Amino acid sequence: MTISSMTRMVDTPRRRWLRGTVTGLLFLCVCLSWGTTWLGIKIAIESVPPLTASGLRFLIAFPLFLLFSFIRRAPIFFPRGARGFFVFVTFCYFGLPYYLLNYGEIHVSSGLTALIFSCMPVFILAFSAVVLRERIYVSQILGIAIGFGSLFMILHVQGISIDHAEFKGVLAILGAAVLHAMCYVVTKKKGSEISVITYNTLPIGIAGLMLFTLGLVVETPSFTNITARSWWALAYLGIFASVGGFIVYFVLLKRLSPVVLSFVFIIFPVFAVILGAWYEGLSISRELVLYSLLLLVGFAITKVPLERLRVPRS
């Protein structure tokens, strides 16, 4: 046995530990990045209307996505046969959902927005059953019931009723979750061959320009009244939450299984609730904690059916 091979054997456990540590830190970075997104949106729309804020966020992120695509030598244009799919992604993944999220946070706290948006795995499950003909397990139905029952109790504890303006915000956030879920399922069916960089770069640029232009016409924002805090929030959303979160998520896709990585959507609402309550001066009651945990557990069951965890008898 040579000295070099002995060195590799000695270094293997250390390298494995290092890889595991780096992967864990990257996973935590994604959770923190996406968990702080909701607070960033809340701060941005304090002095920027929702359409304009959505557009500015994407316009800040677009040049960085272009740079990333250049470094990775990835095309920015969709294949010729996928032009309809390109329009679908631009409008239904970037354009409309992010406006709905910004509009929703005008009426709803950032933490509650994250909790409502965490319903997305349930909608993915429903669309997968209809579009992809995937099987739905009994435990997943139970998880859906637990999740939506907990969400109803959260809205009740927070004092949100049909007669209040907050309910419109809840519907807007649910609409964004439905659109994102539909995009994930349609992408799995029609866009699995398109690279992740191509999928994001040009749609985010066009959606940003579209939202910003529409905001100038409809909202007529006063840029002199935009506070420095809102500008910093937009920069954070464009650079770190959008581009940075995307790059780290892209790296993790090669390190973790999709099921494990998908639990980011279950974990980031916890960060969002804590940060949102701290910034907005809201109290976190025991009922909110209990129902939030039940909601996340219910939606976690929809991602990993209990039937799959059974050990087959020998």
# chains A, B, ... in the order shown; residues from 1 in each chain; ligands from 1
call {"tool": "residues_around", "arguments": {"residues": "Phe27 of chain A", "least_positions_apart": "4", "cutoff": "9 Å", "atoms": "only C-alpha atoms", "output": "PDB file with N, CA, C and O atoms, in the first residue's frame"}}
result
ATOM      1  N   VAL A  22     -20.614  21.162   5.545  1.00  0.00           N
ATOM      2  CA  VAL A  22     -20.887  22.168   4.522  1.00  0.00           C
ATOM      3  C   VAL A  22     -22.318  22.049   4.007  1.00  0.00           C
ATOM      4  O   VAL A  22     -23.023  23.047   3.842  1.00  0.00           O
ATOM      5  N   THR A  23     -22.769  20.813   3.771  1.00  0.00           N
ATOM      6  CA  THR A  23     -24.143  20.603   3.304  1.00  0.00           C
ATOM      7  C   THR A  23     -25.148  21.102   4.333  1.00  0.00           C
ATOM      8  O   THR A  23     -26.144  21.752   3.985  1.00  0.00           O
ATOM      9  N   CYS A  31     -32.700  27.933   4.318  1.00  0.00           N
ATOM     10  CA  CYS A  31     -33.822  28.152   5.241  1.00  0.00           C
ATOM     11  C   CYS A  31     -33.841  29.588   5.745  1.00  0.00           C
ATOM     12  O   CYS A  31     -34.902  30.216   5.823  1.00  0.00           O
ATOM     13  N   LEU A  32     -32.662  30.122   6.092  1.00  0.00           N
ATOM     14  CA  LEU A  32     -32.586  31.501   6.561  1.00  0.00           C
ATOM     15  C   LEU A  32     -32.906  32.487   5.448  1.00  0.00           C
ATOM     16  O   LEU A  32     -33.610  33.473   5.656  1.00  0.00           O
ATOM     17  N   VAL A 248     -27.447  28.591  -3.861  1.00  0.00           N
ATOM     18  CA  VAL A 248     -27.257  27.593  -2.802  1.00  0.00           C
ATOM     19  C   VAL A 248     -28.200  26.411  -3.008  1.00  0.00           C
ATOM     20  O   VAL A 248     -27.810  25.251  -2.843  1.00  0.00           O
ATOM     21  N   TYR A 249     -29.446  26.693  -3.372  1.00  0.00           N
ATOM     22  CA  TYR A 249     -30.409  25.623  -3.637  1.00  0.00           C
ATOM     23  C   TYR A 249     -29.931  24.761  -4.806  1.00  0.00           C
ATOM     24  O   TYR A 249     -30.074  23.538  -4.785  1.00  0.00           O
ATOM     25  N   LEU A 252     -27.292  22.452  -3.519  1.00  0.00           N
ATOM     26  CA  LEU A 252     -27.856  21.400  -2.678  1.00  0.00           C
ATOM     27  C   LEU A 252     -28.579  20.328  -3.488  1.00  0.00           C
ATOM     28  O   LEU A 252     -28.685  19.186  -3.047  1.00  0.00           O
ATOM     29  N   LEU A 261     -34.505  17.808   0.525  1.00  0.00           N
ATOM     30  CA  LEU A 261     -34.383  19.231   0.226  1.00  0.00           C
ATOM     31  C   LEU A 261     -35.732  19.934   0.264  1.00  0.00           C
ATOM     32  O   LEU A 261     -35.817  21.118   0.600  1.00  0.00           O
ATOM     33  N   VAL A 264     -37.187  22.169   3.118  1.00  0.00           N
ATOM     34  CA  VAL A 264     -36.946  23.602   3.276  1.00  0.00           C
ATOM     35  C   VAL A 264     -38.270  24.345   3.404  1.00  0.00           C
ATOM     36  O   VAL A 264     -38.406  25.292   4.188  1.00  0.00           O
TER      37      VAL A 264
END
call {"tool": "residues_around", "arguments": {"residues": "Ile226 of chain A", "least_positions_apart": "6", "cutoff": "12 Å", "atoms": "only C-alpha atoms", "output": "JSON, numbers by chain"}}
result
{"A": [43, 44, 45, 46, 47, 48, 49, 52, 53, 232, 233, 234]}
call {"tool": "residues_around", "arguments": {"residues": "Ala61 of chain A", "least_positions_apart": "6", "cutoff": "12 Å", "atoms": "only C-alpha atoms", "output": "JSON, numbers by chain"}}
result
{"A": [54, 55, 67, 68, 200, 201, 202, 203, 204, 205, 206, 207, 208, 209, 234, 235, 236, 237, 238, 239, 240, 241, 242, 243, 244, 245, 246]}
call {"tool": "closest_residue", "arguments": {"among": "A:Met153, A:Phe58, A:Pro13, A:Leu179", "to": "Val289 of chain A", "atoms": "only C-alpha atoms"}}
result
A:Met153
call {"tool": "closest_residue", "arguments": {"among": "A:Met120, A:Phe223, A:Val304, A:Gly20", "to": "Phe265 of chain A", "atoms": "only C-alpha atoms"}}
result
A:Met120
call {"tool": "residues_around", "arguments": {"residues": "Leu296 of chain A", "least_positions_apart": "5", "cutoff": "12 Å", "atoms": "only C-alpha atoms", "output": "PDB file with all heavy atoms, in the first residue's frame"}}
result
ATOM      1  N   ALA A 114     -45.800  33.419   5.479  1.00  0.00           N
ATOM      2  CA  ALA A 114     -44.961  32.233   5.271  1.00  0.00           C
ATOM      3  C   ALA A 114     -45.705  30.954   5.633  1.00  0.00           C
ATOM      4  O   ALA A 114     -45.595  29.941   4.939  1.00  0.00           O
ATOM      5  CB  ALA A 114     -43.682  32.354   6.093  1.00  0.00           C
ATOM      6  N   LEU A 115     -46.477  30.989   6.718  1.00  0.00           N
ATOM      7  CA  LEU A 115     -47.244  29.808   7.119  1.00  0.00           C
ATOM      8  C   LEU A 115     -48.287  29.452   6.061  1.00  0.00           C
ATOM      9  O   LEU A 115     -48.476  28.280   5.724  1.00  0.00           O
ATOM     10  CB  LEU A 115     -47.924  30.055   8.462  1.00  0.00           C
ATOM     11  CG  LEU A 115     -47.034  30.011   9.702  1.00  0.00           C
ATOM     12  CD1 LEU A 115     -47.825  30.414  10.936  1.00  0.00           C
ATOM     13  CD2 LEU A 115     -46.433  28.622   9.893  1.00  0.00           C
ATOM     14  N   ILE A 116     -48.983  30.464   5.542  1.00  0.00           N
ATOM     15  CA  ILE A 116     -50.003  30.203   4.521  1.00  0.00           C
ATOM     16  C   ILE A 116     -49.359  29.658   3.256  1.00  0.00           C
ATOM     17  O   ILE A 116     -49.854  28.708   2.641  1.00  0.00           O
ATOM     18  CB  ILE A 116     -50.801  31.484   4.224  1.00  0.00           C
ATOM     19  CG1 ILE A 116     -51.565  31.942   5.475  1.00  0.00           C
ATOM     20  CG2 ILE A 116     -51.777  31.264   3.081  1.00  0.00           C
ATOM     21  CD1 ILE A 116     -52.196  33.307   5.341  1.00  0.00           C
ATOM     22  N   PHE A 117     -48.219  30.247   2.873  1.00  0.00           N
ATOM     23  CA  PHE A 117     -47.547  29.805   1.646  1.00  0.00           C
ATOM     24  C   PHE A 117     -46.999  28.386   1.779  1.00  0.00           C
ATOM     25  O   PHE A 117     -46.791  27.701   0.778  1.00  0.00           O
ATOM     26  CB  PHE A 117     -46.412  30.767   1.297  1.00  0.00           C
ATOM     27  CG  PHE A 117     -45.860  30.565  -0.088  1.00  0.00           C
ATOM     28  CD1 PHE A 117     -46.551  31.043  -1.185  1.00  0.00           C
ATOM     29  CD2 PHE A 117     -44.661  29.902  -0.282  1.00  0.00           C
ATOM     30  CE1 PHE A 117     -46.047  30.860  -2.468  1.00  0.00           C
ATOM     31  CE2 PHE A 117     -44.157  29.713  -1.555  1.00  0.00           C
ATOM     32  CZ  PHE A 117     -44.857  30.197  -2.661  1.00  0.00           C
ATOM     33  N   SER A 118     -46.769  27.949   3.023  1.00  0.00           N
ATOM     34  CA  SER A 118     -46.269  26.581   3.219  1.00  0.00           C
ATOM     35  C   SER A 118     -47.309  25.534   2.856  1.00  0.00           C
ATOM     36  O   SER A 118     -47.013  24.334   2.878  1.00  0.00           O
ATOM     37  CB  SER A 118     -45.824  26.384   4.676  1.00  0.00           C
ATOM     38  OG  SER A 118     -46.922  26.464   5.565  1.00  0.00           O
ATOM     39  N   CYS A 119     -48.529  25.973   2.518  1.00  0.00           N
ATOM     40  CA  CYS A 119     -49.545  25.046   2.013  1.00  0.00           C
ATOM     41  C   CYS A 119     -49.203  24.519   0.622  1.00  0.00           C
ATOM     42  O   CYS A 119     -49.852  23.582   0.138  1.00  0.00           O
ATOM     43  CB  CYS A 119     -50.914  25.737   1.927  1.00  0.00           C
ATOM     44  SG  CYS A 119     -51.560  26.327   3.495  1.00  0.00           S
ATOM     45  N   MET A 120     -48.204  25.104  -0.019  1.00  0.00           N
ATOM     46  CA  MET A 120     -47.902  24.762  -1.402  1.00  0.00           C
ATOM     47  C   MET A 120     -47.690  23.263  -1.638  1.00  0.00           C
ATOM     48  O   MET A 120     -48.157  22.727  -2.653  1.00  0.00           O
ATOM     49  CB  MET A 120     -46.688  25.548  -1.890  1.00  0.00           C
ATOM     50  CG  MET A 120     -46.426  25.381  -3.382  1.00  0.00           C
ATOM     51  SD  MET A 120     -45.031  26.350  -3.961  1.00  0.00           S
ATOM     52  CE  MET A 120     -43.693  25.637  -3.041  1.00  0.00           C
ATOM     53  N   PRO A 121     -47.002  22.512  -0.751  1.00  0.00           N
ATOM     54  CA  PRO A 121     -46.858  21.074  -1.000  1.00  0.00           C
ATOM     55  C   PRO A 121     -48.187  20.343  -1.159  1.00  0.00           C
ATOM     56  O   PRO A 121     -48.272  19.358  -1.898  1.00  0.00           O
ATOM     57  CB  PRO A 121     -46.089  20.583   0.232  1.00  0.00           C
ATOM     58  CG  PRO A 121     -45.336  21.772   0.706  1.00  0.00           C
ATOM     59  CD  PRO A 121     -46.214  22.943   0.432  1.00  0.00           C
ATOM     60  N   VAL A 122     -49.224  20.824  -0.459  1.00  0.00           N
ATOM     61  CA  VAL A 122     -50.540  20.192  -0.597  1.00  0.00           C
ATOM     62  C   VAL A 122     -51.084  20.402  -2.008  1.00  0.00           C
ATOM     63  O   VAL A 122     -51.621  19.476  -2.630  1.00  0.00           O
ATOM     64  CB  VAL A 122     -51.517  20.772   0.444  1.00  0.00           C
ATOM     65  CG1 VAL A 122     -52.919  20.227   0.219  1.00  0.00           C
ATOM     66  CG2 VAL A 122     -51.037  20.452   1.841  1.00  0.00           C
ATOM     67  N   GLY A 143     -52.740  14.119   6.399  1.00  0.00           N
ATOM     68  CA  GLY A 143     -51.861  15.276   6.557  1.00  0.00           C
ATOM     69  C   GLY A 143     -52.494  16.549   6.034  1.00  0.00           C
ATOM     70  O   GLY A 143     -52.353  17.624   6.631  1.00  0.00           O
ATOM     71  N   ILE A 144     -53.204  16.446   4.908  1.00  0.00           N
ATOM     72  CA  ILE A 144     -53.906  17.611   4.356  1.00  0.00           C
ATOM     73  C   ILE A 144     -54.969  18.099   5.336  1.00  0.00           C
ATOM     74  O   ILE A 144     -55.109  19.308   5.584  1.00  0.00           O
ATOM     75  CB  ILE A 144     -54.542  17.257   3.003  1.00  0.00           C
ATOM     76  CG1 ILE A 144     -53.443  17.006   1.952  1.00  0.00           C
ATOM     77  CG2 ILE A 144     -55.483  18.372   2.528  1.00  0.00           C
ATOM     78  CD1 ILE A 144     -53.977  16.499   0.636  1.00  0.00           C
ATOM     79  N   ALA A 145     -55.727  17.168   5.904  1.00  0.00           N
ATOM     80  CA  ALA A 145     -56.775  17.542   6.862  1.00  0.00           C
ATOM     81  C   ALA A 145     -56.175  18.220   8.090  1.00  0.00           C
ATOM     82  O   ALA A 145     -56.695  19.243   8.574  1.00  0.00           O
ATOM     83  CB  ALA A 145     -57.569  16.305   7.266  1.00  0.00           C
ATOM     84  N   ILE A 146     -55.064  17.662   8.609  1.00  0.00           N
ATOM     85  CA  ILE A 146     -54.404  18.267   9.771  1.00  0.00           C
ATOM     86  C   ILE A 146     -53.890  19.658   9.419  1.00  0.00           C
ATOM     87  O   ILE A 146     -54.053  20.622  10.193  1.00  0.00           O
ATOM     88  CB  ILE A 146     -53.250  17.375  10.260  1.00  0.00           C
ATOM     89  CG1 ILE A 146     -53.784  16.052  10.792  1.00  0.00           C
ATOM     90  CG2 ILE A 146     -52.425  18.088  11.330  1.00  0.00           C
ATOM     91  CD1 ILE A 146     -52.691  15.048  11.148  1.00  0.00           C
ATOM     92  N   GLY A 147     -53.264  19.788   8.240  1.00  0.00           N
ATOM     93  CA  GLY A 147     -52.681  21.063   7.835  1.00  0.00           C
ATOM     94  C   GLY A 147     -53.714  22.159   7.676  1.00  0.00           C
ATOM     95  O   GLY A 147     -53.577  23.252   8.237  1.00  0.00           O
ATOM     96  N   PHE A 148     -54.756  21.877   6.906  1.00  0.00           N
ATOM     97  CA  PHE A 148     -55.750  22.911   6.660  1.00  0.00           C
ATOM     98  C   PHE A 148     -56.610  23.182   7.893  1.00  0.00           C
ATOM     99  O   PHE A 148     -57.063  24.307   8.112  1.00  0.00           O
ATOM    100  CB  PHE A 148     -56.624  22.541   5.462  1.00  0.00           C
ATOM    101  CG  PHE A 148     -55.990  22.888   4.154  1.00  0.00           C
ATOM    102  CD1 PHE A 148     -55.497  21.894   3.327  1.00  0.00           C
ATOM    103  CD2 PHE A 148     -55.877  24.205   3.751  1.00  0.00           C
ATOM    104  CE1 PHE A 148     -54.900  22.210   2.115  1.00  0.00           C
ATOM    105  CE2 PHE A 148     -55.283  24.531   2.549  1.00  0.00           C
ATOM    106  CZ  PHE A 148     -54.792  23.537   1.731  1.00  0.00           C
ATOM    107  N   GLY A 149     -56.836  22.158   8.725  1.00  0.00           N
ATOM    108  CA  GLY A 149     -57.525  22.398   9.987  1.00  0.00           C
ATOM    109  C   GLY A 149     -56.716  23.320  10.890  1.00  0.00           C
ATOM    110  O   GLY A 149     -57.270  24.236  11.522  1.00  0.00           O
ATOM    111  N   SER A 150     -55.409  23.090  10.934  1.00  0.00           N
ATOM    112  CA  SER A 150     -54.533  23.948  11.732  1.00  0.00           C
ATOM    113  C   SER A 150     -54.487  25.362  11.157  1.00  0.00           C
ATOM    114  O   SER A 150     -54.471  26.346  11.904  1.00  0.00           O
ATOM    115  CB  SER A 150     -53.124  23.356  11.781  1.00  0.00           C
ATOM    116  OG  SER A 150     -53.137  22.051  12.309  1.00  0.00           O
ATOM    117  N   LEU A 151     -54.468  25.471   9.820  1.00  0.00           N
ATOM    118  CA  LEU A 151     -54.461  26.797   9.197  1.00  0.00           C
ATOM    119  C   LEU A 151     -55.729  27.567   9.541  1.00  0.00           C
ATOM    120  O   LEU A 151     -55.682  28.771   9.832  1.00  0.00           O
ATOM    121  CB  LEU A 151     -54.317  26.654   7.683  1.00  0.00           C
ATOM    122  CG  LEU A 151     -54.321  27.962   6.876  1.00  0.00           C
ATOM    123  CD1 LEU A 151     -53.165  28.860   7.310  1.00  0.00           C
ATOM    124  CD2 LEU A 151     -54.238  27.677   5.385  1.00  0.00           C
ATOM    125  N   PHE A 263     -37.929  19.714   2.342  1.00  0.00           N
ATOM    126  CA  PHE A 263     -38.321  20.092   3.695  1.00  0.00           C
ATOM    127  C   PHE A 263     -37.899  21.522   4.038  1.00  0.00           C
ATOM    128  O   PHE A 263     -38.226  22.021   5.118  1.00  0.00           O
ATOM    129  CB  PHE A 263     -37.752  19.107   4.705  1.00  0.00           C
ATOM    130  CG  PHE A 263     -38.658  17.938   4.950  1.00  0.00           C
ATOM    131  CD1 PHE A 263     -38.654  16.855   4.083  1.00  0.00           C
ATOM    132  CD2 PHE A 263     -39.530  17.929   6.013  1.00  0.00           C
ATOM    133  CE1 PHE A 263     -39.498  15.778   4.282  1.00  0.00           C
ATOM    134  CE2 PHE A 263     -40.377  16.860   6.234  1.00  0.00           C
ATOM    135  CZ  PHE A 263     -40.372  15.783   5.369  1.00  0.00           C
ATOM    136  N   VAL A 264     -37.187  22.169   3.118  1.00  0.00           N
ATOM    137  CA  VAL A 264     -36.946  23.602   3.276  1.00  0.00           C
ATOM    138  C   VAL A 264     -38.270  24.345   3.404  1.00  0.00           C
ATOM    139  O   VAL A 264     -38.406  25.292   4.188  1.00  0.00           O
ATOM    140  CB  VAL A 264     -36.137  24.142   2.078  1.00  0.00           C
ATOM    141  CG1 VAL A 264     -36.122  25.675   2.082  1.00  0.00           C
ATOM    142  CG2 VAL A 264     -34.709  23.619   2.119  1.00  0.00           C
ATOM    143  N   PHE A 265     -39.276  23.901   2.633  1.00  0.00           N
ATOM    144  CA  PHE A 265     -40.577  24.568   2.651  1.00  0.00           C
ATOM    145  C   PHE A 265     -41.313  24.363   3.971  1.00  0.00           C
ATOM    146  O   PHE A 265     -42.256  25.093   4.269  1.00  0.00           O
ATOM    147  CB  PHE A 265     -41.446  24.045   1.495  1.00  0.00           C
ATOM    148  CG  PHE A 265     -40.922  24.411   0.147  1.00  0.00           C
ATOM    149  CD1 PHE A 265     -40.145  23.517  -0.582  1.00  0.00           C
ATOM    150  CD2 PHE A 265     -41.197  25.645  -0.404  1.00  0.00           C
ATOM    151  CE1 PHE A 265     -39.653  23.847  -1.828  1.00  0.00           C
ATOM    152  CE2 PHE A 265     -40.706  25.996  -1.656  1.00  0.00           C
ATOM    153  CZ  PHE A 265     -39.931  25.097  -2.368  1.00  0.00           C
ATOM    154  N   ILE A 266     -40.900  23.373   4.759  1.00  0.00           N
ATOM    155  CA  ILE A 266     -41.509  23.142   6.057  1.00  0.00           C
ATOM    156  C   ILE A 266     -40.768  23.903   7.153  1.00  0.00           C
ATOM    157  O   ILE A 266     -41.362  24.325   8.153  1.00  0.00           O
ATOM    158  CB  ILE A 266     -41.512  21.632   6.391  1.00  0.00           C
ATOM    159  CG1 ILE A 266     -42.188  20.839   5.260  1.00  0.00           C
ATOM    160  CG2 ILE A 266     -42.205  21.355   7.707  1.00  0.00           C
ATOM    161  CD1 ILE A 266     -43.643  21.211   5.040  1.00  0.00           C
ATOM    162  N   ILE A 267     -39.459  24.125   6.964  1.00  0.00           N
ATOM    163  CA  ILE A 267     -38.639  24.729   8.010  1.00  0.00           C
ATOM    164  C   ILE A 267     -38.640  26.255   7.940  1.00  0.00           C
ATOM    165  O   ILE A 267     -38.692  26.926   8.975  1.00  0.00           O
ATOM    166  CB  ILE A 267     -37.193  24.189   7.920  1.00  0.00           C
ATOM    167  CG1 ILE A 267     -37.184  22.674   8.166  1.00  0.00           C
ATOM    168  CG2 ILE A 267     -36.290  24.891   8.916  1.00  0.00           C
ATOM    169  CD1 ILE A 267     -35.840  22.032   7.950  1.00  0.00           C
ATOM    170  N   PHE A 268     -38.590  26.834   6.713  1.00  0.00           N
ATOM    171  CA  PHE A 268     -38.429  28.292   6.644  1.00  0.00           C
ATOM    172  C   PHE A 268     -39.580  29.074   7.277  1.00  0.00           C
ATOM    173  O   PHE A 268     -39.344  30.196   7.773  1.00  0.00           O
ATOM    174  CB  PHE A 268     -38.169  28.754   5.204  1.00  0.00           C
ATOM    175  CG  PHE A 268     -39.381  28.795   4.301  1.00  0.00           C
ATOM    176  CD1 PHE A 268     -40.367  29.759   4.458  1.00  0.00           C
ATOM    177  CD2 PHE A 268     -39.506  27.902   3.248  1.00  0.00           C
ATOM    178  CE1 PHE A 268     -41.466  29.816   3.611  1.00  0.00           C
ATOM    179  CE2 PHE A 268     -40.602  27.948   2.405  1.00  0.00           C
ATOM    180  CZ  PHE A 268     -41.587  28.906   2.596  1.00  0.00           C
ATOM    181  N   PRO A 269     -40.835  28.560   7.328  1.00  0.00           N
ATOM    182  CA  PRO A 269     -41.869  29.343   8.023  1.00  0.00           C
ATOM    183  C   PRO A 269     -41.567  29.578   9.501  1.00  0.00           C
ATOM    184  O   PRO A 269     -42.015  30.578  10.075  1.00  0.00           O
ATOM    185  CB  PRO A 269     -43.129  28.488   7.846  1.00  0.00           C
ATOM    186  CG  PRO A 269     -42.886  27.700   6.617  1.00  0.00           C
ATOM    187  CD  PRO A 269     -41.423  27.397   6.644  1.00  0.00           C
ATOM    188  N   VAL A 270     -40.809  28.661  10.131  1.00  0.00           N
ATOM    189  CA  VAL A 270     -40.461  28.841  11.542  1.00  0.00           C
ATOM    190  C   VAL A 270     -39.608  30.094  11.716  1.00  0.00           C
ATOM    191  O   VAL A 270     -39.862  30.931  12.602  1.00  0.00           O
ATOM    192  CB  VAL A 270     -39.714  27.600  12.072  1.00  0.00           C
ATOM    193  CG1 VAL A 270     -39.285  27.811  13.520  1.00  0.00           C
ATOM    194  CG2 VAL A 270     -40.582  26.362  11.931  1.00  0.00           C
ATOM    195  N   VAL A 289     -48.296  28.822  18.340  1.00  0.00           N
ATOM    196  CA  VAL A 289     -47.186  27.865  18.261  1.00  0.00           C
ATOM    197  C   VAL A 289     -47.714  26.448  18.034  1.00  0.00           C
ATOM    198  O   VAL A 289     -47.219  25.710  17.174  1.00  0.00           O
ATOM    199  CB  VAL A 289     -46.336  27.923  19.543  1.00  0.00           C
ATOM    200  CG1 VAL A 289     -45.291  26.802  19.542  1.00  0.00           C
ATOM    201  CG2 VAL A 289     -45.657  29.274  19.678  1.00  0.00           C
ATOM    202  N   LEU A 290     -48.751  26.074  18.795  1.00  0.00           N
ATOM    203  CA  LEU A 290     -49.305  24.726  18.680  1.00  0.00           C
ATOM    204  C   LEU A 290     -49.870  24.470  17.294  1.00  0.00           C
ATOM    205  O   LEU A 290     -49.533  23.454  16.651  1.00  0.00           O
ATOM    206  CB  LEU A 290     -50.394  24.533  19.740  1.00  0.00           C
ATOM    207  CG  LEU A 290     -51.190  23.219  19.664  1.00  0.00           C
ATOM    208  CD1 LEU A 290     -50.268  22.031  19.874  1.00  0.00           C
ATOM    209  CD2 LEU A 290     -52.322  23.213  20.680  1.00  0.00           C
ATOM    210  N   TYR A 291     -50.703  25.370  16.815  1.00  0.00           N
ATOM    211  CA  TYR A 291     -51.330  25.171  15.511  1.00  0.00           C
ATOM    212  C   TYR A 291     -50.319  25.282  14.368  1.00  0.00           C
ATOM    213  O   TYR A 291     -50.470  24.612  13.346  1.00  0.00           O
ATOM    214  CB  TYR A 291     -52.476  26.162  15.315  1.00  0.00           C
ATOM    215  CG  TYR A 291     -53.636  25.943  16.251  1.00  0.00           C
ATOM    216  CD1 TYR A 291     -54.182  26.995  16.992  1.00  0.00           C
ATOM    217  CD2 TYR A 291     -54.188  24.677  16.416  1.00  0.00           C
ATOM    218  CE1 TYR A 291     -55.248  26.785  17.855  1.00  0.00           C
ATOM    219  CE2 TYR A 291     -55.245  24.456  17.283  1.00  0.00           C
ATOM    220  CZ  TYR A 291     -55.772  25.514  18.002  1.00  0.00           C
ATOM    221  OH  TYR A 291     -56.820  25.293  18.855  1.00  0.00           O
ATOM    222  N   ILE A 301     -46.242  15.365   6.399  1.00  0.00           N
ATOM    223  CA  ILE A 301     -46.782  14.031   6.095  1.00  0.00           C
ATOM    224  C   ILE A 301     -47.157  13.919   4.625  1.00  0.00           C
ATOM    225  O   ILE A 301     -47.008  12.856   4.005  1.00  0.00           O
ATOM    226  CB  ILE A 301     -48.002  13.737   6.991  1.00  0.00           C
ATOM    227  CG1 ILE A 301     -47.569  13.622   8.450  1.00  0.00           C
ATOM    228  CG2 ILE A 301     -48.713  12.452   6.558  1.00  0.00           C
ATOM    229  CD1 ILE A 301     -48.725  13.464   9.425  1.00  0.00           C
ATOM    230  N   THR A 302     -47.637  15.018   4.034  1.00  0.00           N
ATOM    231  CA  THR A 302     -47.988  14.968   2.609  1.00  0.00           C
ATOM    232  C   THR A 302     -46.757  14.769   1.738  1.00  0.00           C
ATOM    233  O   THR A 302     -46.861  14.244   0.629  1.00  0.00           O
ATOM    234  CB  THR A 302     -48.706  16.259   2.178  1.00  0.00           C
ATOM    235  OG1 THR A 302     -47.803  17.381   2.275  1.00  0.00           O
ATOM    236  CG2 THR A 302     -49.923  16.520   3.038  1.00  0.00           C
ATOM    237  N   LYS A 303     -45.592  15.168   2.240  1.00  0.00           N
ATOM    238  CA  LYS A 303     -44.375  15.022   1.443  1.00  0.00           C
ATOM    239  C   LYS A 303     -43.758  13.635   1.616  1.00  0.00           C
ATOM    240  O   LYS A 303     -43.145  13.103   0.691  1.00  0.00           O
ATOM    241  CB  LYS A 303     -43.362  16.105   1.818  1.00  0.00           C
ATOM    242  CG  LYS A 303     -43.903  17.528   1.671  1.00  0.00           C
ATOM    243  CD  LYS A 303     -42.837  18.557   1.863  1.00  0.00           C
ATOM    244  CE  LYS A 303     -41.916  18.611   0.672  1.00  0.00           C
ATOM    245  NZ  LYS A 303     -42.586  19.000  -0.575  1.00  0.00           N
TER     246      LYS A 303
END
call {"tool": "closest_residue", "arguments": {"among": "A:Thr213, A:Leu294, A:Val273, A:Val186", "to": "Ile124 of chain A", "atoms": "only C-alpha atoms"}}
result
A:Val186
call {"tool": "residues_around", "arguments": {"residues": "segment 95-103 of chain A", "least_positions_apart": "6", "cutoff": "7 Å", "atoms": "only C-alpha atoms", "output": "MDAnalysis selection string"}}
result
chainID A and resid 41 50:51 54 169 172:173 176 179 207 211
call {"tool": "write_last_selection", "arguments": {"atoms": "C-alpha atoms", "output": "short mmCIF file (atom, residue, chain, number, x, y, z; two decimals), in the first residue's frame"}}
result
data_model
loop_
_atom_site.label_atom_id
_atom_site.label_comp_id
_atom_site.auth_asym_id
_atom_site.auth_seq_id
_atom_site.Cartn_x
_atom_site.Cartn_y
_atom_site.Cartn_z
CA ILE A 41 -41.15 41.94 1.43
CA PRO A 50 -46.66 45.94 -4.50
CA LEU A 51 -46.43 45.88 -8.32
CA SER A 54 -42.05 43.05 -7.30
CA GLY A 169 -54.55 39.09 1.76
CA ALA A 172 -53.91 36.42 -2.46
CA ILE A 173 -51.21 34.39 -0.68
CA ALA A 176 -49.69 32.54 -5.14
CA LEU A 179 -49.83 29.09 -8.99
CA ALA A 207 -41.42 39.48 -15.38
CA LEU A 211 -44.30 44.29 -13.26
#
call {"tool": "residues_around", "arguments": {"residues": "Phe271 of chain A", "least_positions_apart": "5", "cutoff": "9 Å", "atoms": "only C-alpha atoms", "output": "MDAnalysis selection string"}}
result
chainID A and resid 31:32 34:36 111 276
call {"tool": "atom_distance", "arguments": {"atom1": "atom CA of Leu56 of chain A", "atom2": "atom CA of Trp231 of chain A"}}
result
9.5 Å
call {"tool": "residues_around", "arguments": {"residues": "Ser195 of chain A", "least_positions_apart": "3", "cutoff": "10 Å", "atoms": "only C-alpha atoms", "output": "JSON, numbers by chain"}}
result
{"A": [74, 75, 76, 78, 191, 192, 198, 199, 200]}
call {"tool": "write_last_selection", "arguments": {"atoms": "C-alpha atoms", "output": "mmCIF file, in the first residue's frame"}}
result
data_model
loop_
_atom_site.group_PDB
_atom_site.id
_atom_site.type_symbol
_atom_site.label_atom_id
_atom_site.label_comp_id
_atom_site.auth_asym_id
_atom_site.auth_seq_id
_atom_site.Cartn_x
_atom_site.Cartn_y
_atom_site.Cartn_z
ATOM 1 C CA ALA A 74 -26.003 27.926 -19.786
ATOM 2 C CA PRO A 75 -28.408 29.227 -22.465
ATOM 3 C CA ILE A 76 -30.918 31.873 -21.403
ATOM 4 C CA PHE A 78 -35.945 28.196 -23.826
ATOM 5 C CA GLY A 191 -39.724 21.287 -18.588
ATOM 6 C CA SER A 192 -37.620 18.568 -17.000
ATOM 7 C CA THR A 198 -32.390 28.775 -18.178
ATOM 8 C CA TYR A 199 -35.660 28.316 -16.314
ATOM 9 C CA ASN A 200 -34.985 31.346 -14.105
#
call {"tool": "closest_residue", "arguments": {"among": "A:Tyr279, A:Trp17, A:Phe94, A:Phe85", "to": "Ala177 of chain A", "atoms": "only C-alpha atoms"}}
result
A:Phe94
